[in-house]
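Colleague: Dropping a structure here in structure tokens format, bear with me for questions.
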Amino acid sequence: MNRIKQLFQQKKNILSIYYTAGYPNTGDTVKIAELLEQSGADMLEIGFPYSDPVADGPVIQASSKQSLDQGMTLELLFEQLKKLREKVSIPVLLMGYVNPVLQFGVENFCKKCAEVGVDGCIVPDLPMVEYEEFYQKDFERYELSNIFLITPQTAEERIRKIDDLSNGFIYLLSSSATTGKNLAIGNTTETYFSRIKDMDLSNPTMIGFGISDRATFEKACAYADGAIIGTAFVKAIANGNLETEIKSFMQRFKD
């Protein structure tokens with residue numbers, strides 16, 4: 001059983017933190033992971049930067065550009081992550097766009113993930129039909145969870161299909177907007193979250209996009225198994241004072 005499944009069996013109200021690899025400084029990737037685990041994060045999503053991050057808002061776009069400008073590549077990221085499991089025990093996923101993965105080679109990408117102890121991947125623009133036809137065997141060979149996304153517009157038939165293909169958790173986007181928008185749970189959002197919850201899916205669910213403080217985190221946890229925070233954390237570490245800023249940020253969500 002991989003670390004993702006173990007986590008969801010053992011814990012509720014899971015807090016997952018997203019950050020961009022190589023930001024704010026190229027060598028910070030594993031250090032941030034270590035500090036986040038020490039400060040109480042349950043799971044990590046490390047973004048590998050891309051030059052055209054269309055689903056991301058300005059904060060994460062800027063972090064990706066800075067990381068790329070400083071020389072971050074997938075090859076360098078995997079080199080950094082060789083020391084990951086010496087320091088970090090919680091589940092770790094890589095998140096990014098499909099183009100760099102295709103250029104790297106999907107099987108090679110999955111193999112490298114397994115070698116460094118990455119538990120899963122989130123590739124939002126990888127079409128489900130292409131994953132199932134061409135790449136599922138590679139993910140399964142290297143015991144890598146592929147995390148699919150659901151939006152308020154996703155039809156039930158597709159959600160059921162995603163549930164069948166998933167072996168980690170399902171990522172519920174709080175809206176169809178880009179990252180960084182504040183979560184506002186009104187009647188429409190409540191209906192969407194309640195609809196997914198009432199479907200009684202076999203996989204756990206995590207809500208992302210717009211989770212920025214304890215209030216929005218707790219709102220999300222009322223409908224799902226936990227929540228993912230990205231933009232707010234990337235903002236918090238921008239000045240590079242990692243130990244102080246990470247500890248302070250995580251205290252917002254911990255008793």
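Ligands are numbered from 1 in the order shown, chains are lettered A, B, ... in the order of the structure tokens, and residues start at 1 in each chain.
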Using only C-alpha atoms, which protein or nucleic acid residues come within 7 Å of range 226-236 of chain A? Drop anything in the same chain fewer than 3 positions from it, and give the result as a VMD selection string.
Modeller: chain A and resid 12 to 19 59 to 60 179 to 180 206 to 208 211 to 212 217 220 to 221 245
Colleague: For Lys197 in chain A, list every protein, DNA or RNA residue within 8 Å, evaluated using only C-alpha atoms, and leave out those in the same chain fewer than 3 positions away; present the list as a short mmCIF file (atom, residue, chain, number, x, y, z; two decimals) with C-alpha atoms, in the first residue's frame.
Modeller:
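File written: part.cif
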```
data_model
loop_
_atom_site.label_atom_id
_atom_site.label_comp_id
_atom_site.auth_asym_id
_atom_site.auth_seq_id
_atom_site.Cartn_x
_atom_site.Cartn_y
_atom_site.Cartn_z
CA PHE A 193 -19.74 19.75 -3.23
CA SER A 194 -22.82 18.02 -1.82
CA ASP A 200 -20.31 7.96 -2.36
CA LEU A 201 -17.21 7.56 -4.52
CA TYR A 223 -17.45 18.31 2.11
CA ALA A 224 -14.26 16.38 1.38
#
```
Colleague: Skipping near chain neighbours, those fewer than 2 positions away, what residues fall within 7 Å of range 50-53 of chain A using only C-alpha atoms, listed as a VMD selection string?
Modeller: chain A and resid 48 55 to 56 61 64 to 65 97
Colleague: Please list as a ChimeraX atom specification every residue within 12 Å of Arg158 in chain A, counting only C-alpha atoms and excluding residues in the same chain fewer than 5 positions away.
Modeller: /A:128-129,148-151,153,163-165
Colleague: Mind listing the alpha helix (DSSP H) residues of range 23-236 of chain A, per DSSP on the backbone, as a VMD selection string?
Modeller: chain A and resid 29 to 38 58 to 69 74 to 80 84 to 87 98 to 104 106 to 116 128 to 130 136 to 141 156 to 165 187 to 198 214 to 221 231 to 236
Colleague: Identify all residues of range 92-227 of chain A in strand (DSSP E) (DSSP on the backbone) and supply them as a PyMOL selection string.
Modeller: chain A and resi 92-95+120-122+145-147+149-150+170-173+205-208+226-227
Colleague: Using only C-alpha atoms, which of A:Phe109, A:Phe169, A:Tyr23, A:Tyr192 sits nearest Phe139 in chain A?
Modeller: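 Ranking A:Phe109, A:Phe169, A:Tyr23, A:Tyr192 by distance to Phe139 in chain A, first place goes to A:Phe109.
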Colleague: As an exercise, work out the distance from CA of Ala114 in chain A to CA of Asp138 in chain A in Å and give it to one decimal place.
Modeller: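 Going from CA of Ala114 in chain A over to CA of Asp138 in chain A, I get 11.0 Å.
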Colleague: Work out how far apart CA of Arg3 in chain A and CA of Ser145 in chain A are and give it in Å to one decimal.
Modeller: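 The value is 10.3 Å.
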Colleague: Which residue out of A:Met250, A:Ala21, A:Leu74, A:Ala215 has the minimum interatomic distance to Asn108 in chain A when only C-alpha atoms are used?
Modeller: A:Leu74
Colleague: Neighbours of Phe78 in chain A within 12 Å (only C-alpha atoms; same-chain residues fewer than 6 positions away dropped), as a list of chain:residue names?
Modeller: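 In the requested form, the answer reads A:Ala21, A:Gly22, A:Thr29, A:Val30, A:Ile46, A:Phe48, A:Met72, A:Leu84, A:Leu94, A:Phe104, A:Asn108, A:Phe109, A:Cys110, A:Lys111, A:Lys112, A:Cys113, A:Ala114, A:Glu115, A:Val116, A:Gly117, A:Val118.
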Colleague: Kindly export the residues of the current selection with N, CA and C atoms, as a compact mmCIF listing (two decimals), in the first residue's frame.
Modeller:
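Output below, filename result-v3.txt:
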```txt
# COMPACT_ATOMS: atom_id res chain seq x y z
N ALA A 21 8.66 23.86 -7.45
CA ALA A 21 10.05 23.40 -7.33
C ALA A 21 11.00 24.51 -7.75
N GLY A 22 12.07 24.68 -6.97
CA GLY A 22 13.07 25.67 -7.33
C GLY A 22 12.69 27.10 -7.03
N THR A 29 13.97 23.15 -2.89
CA THR A 29 12.88 22.19 -3.08
C THR A 29 12.74 21.20 -1.92
N VAL A 30 13.79 20.50 -1.58
CA VAL A 30 13.71 19.49 -0.52
C VAL A 30 13.65 20.14 0.85
N ILE A 46 4.51 19.05 -5.28
CA ILE A 46 5.61 19.85 -5.80
C ILE A 46 5.37 20.12 -7.28
N PHE A 48 6.27 21.17 -10.96
CA PHE A 48 7.41 21.36 -11.85
C PHE A 48 7.02 22.45 -12.85
N MET A 72 15.64 25.78 -13.31
CA MET A 72 14.96 24.55 -12.93
C MET A 72 14.49 23.77 -14.16
N LEU A 84 15.15 13.19 -1.10
CA LEU A 84 13.84 13.47 -0.51
C LEU A 84 13.50 12.53 0.64
N LEU A 94 4.02 15.01 -7.64
CA LEU A 94 4.47 16.04 -8.57
C LEU A 94 3.27 16.54 -9.35
N PHE A 104 10.11 14.63 -21.62
CA PHE A 104 10.98 13.81 -20.77
C PHE A 104 10.82 12.33 -21.10
N ASN A 108 9.91 7.13 -18.68
CA ASN A 108 11.09 7.59 -17.95
C ASN A 108 10.68 8.47 -16.77
N PHE A 109 9.67 9.32 -16.98
CA PHE A 109 9.15 10.17 -15.91
C PHE A 109 8.63 9.32 -14.75
N CYS A 110 7.82 8.32 -15.07
CA CYS A 110 7.26 7.44 -14.02
C CYS A 110 8.37 6.68 -13.29
N LYS A 111 9.35 6.20 -14.04
CA LYS A 111 10.48 5.47 -13.46
C LYS A 111 11.25 6.36 -12.49
N LYS A 112 11.51 7.60 -12.89
CA LYS A 112 12.24 8.53 -12.03
C LYS A 112 11.44 8.85 -10.77
N CYS A 113 10.12 9.02 -10.92
CA CYS A 113 9.27 9.26 -9.75
C CYS A 113 9.41 8.12 -8.74
N ALA A 114 9.36 6.89 -9.24
CA ALA A 114 9.48 5.74 -8.35
C ALA A 114 10.85 5.70 -7.68
N GLU A 115 11.88 6.03 -8.42
CA GLU A 115 13.24 5.97 -7.88
C GLU A 115 13.45 6.94 -6.72
N VAL A 116 12.82 8.11 -6.78
CA VAL A 116 13.04 9.12 -5.75
C VAL A 116 11.97 9.12 -4.67
N GLY A 117 10.95 8.24 -4.80
CA GLY A 117 9.96 8.12 -3.75
C GLY A 117 8.75 9.00 -3.91
N VAL A 118 8.47 9.48 -5.12
CA VAL A 118 7.25 10.22 -5.39
C VAL A 118 6.09 9.23 -5.48
```
Colleague: Between A:Pro100, A:Tyr135, A:Gly27, A:Leu35, single out the one closest to Leu81 in chain A, counting only C-alpha atoms.
Modeller: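 Looking at the shortest contact to Leu81 in chain A, the residue is A:Gly27.
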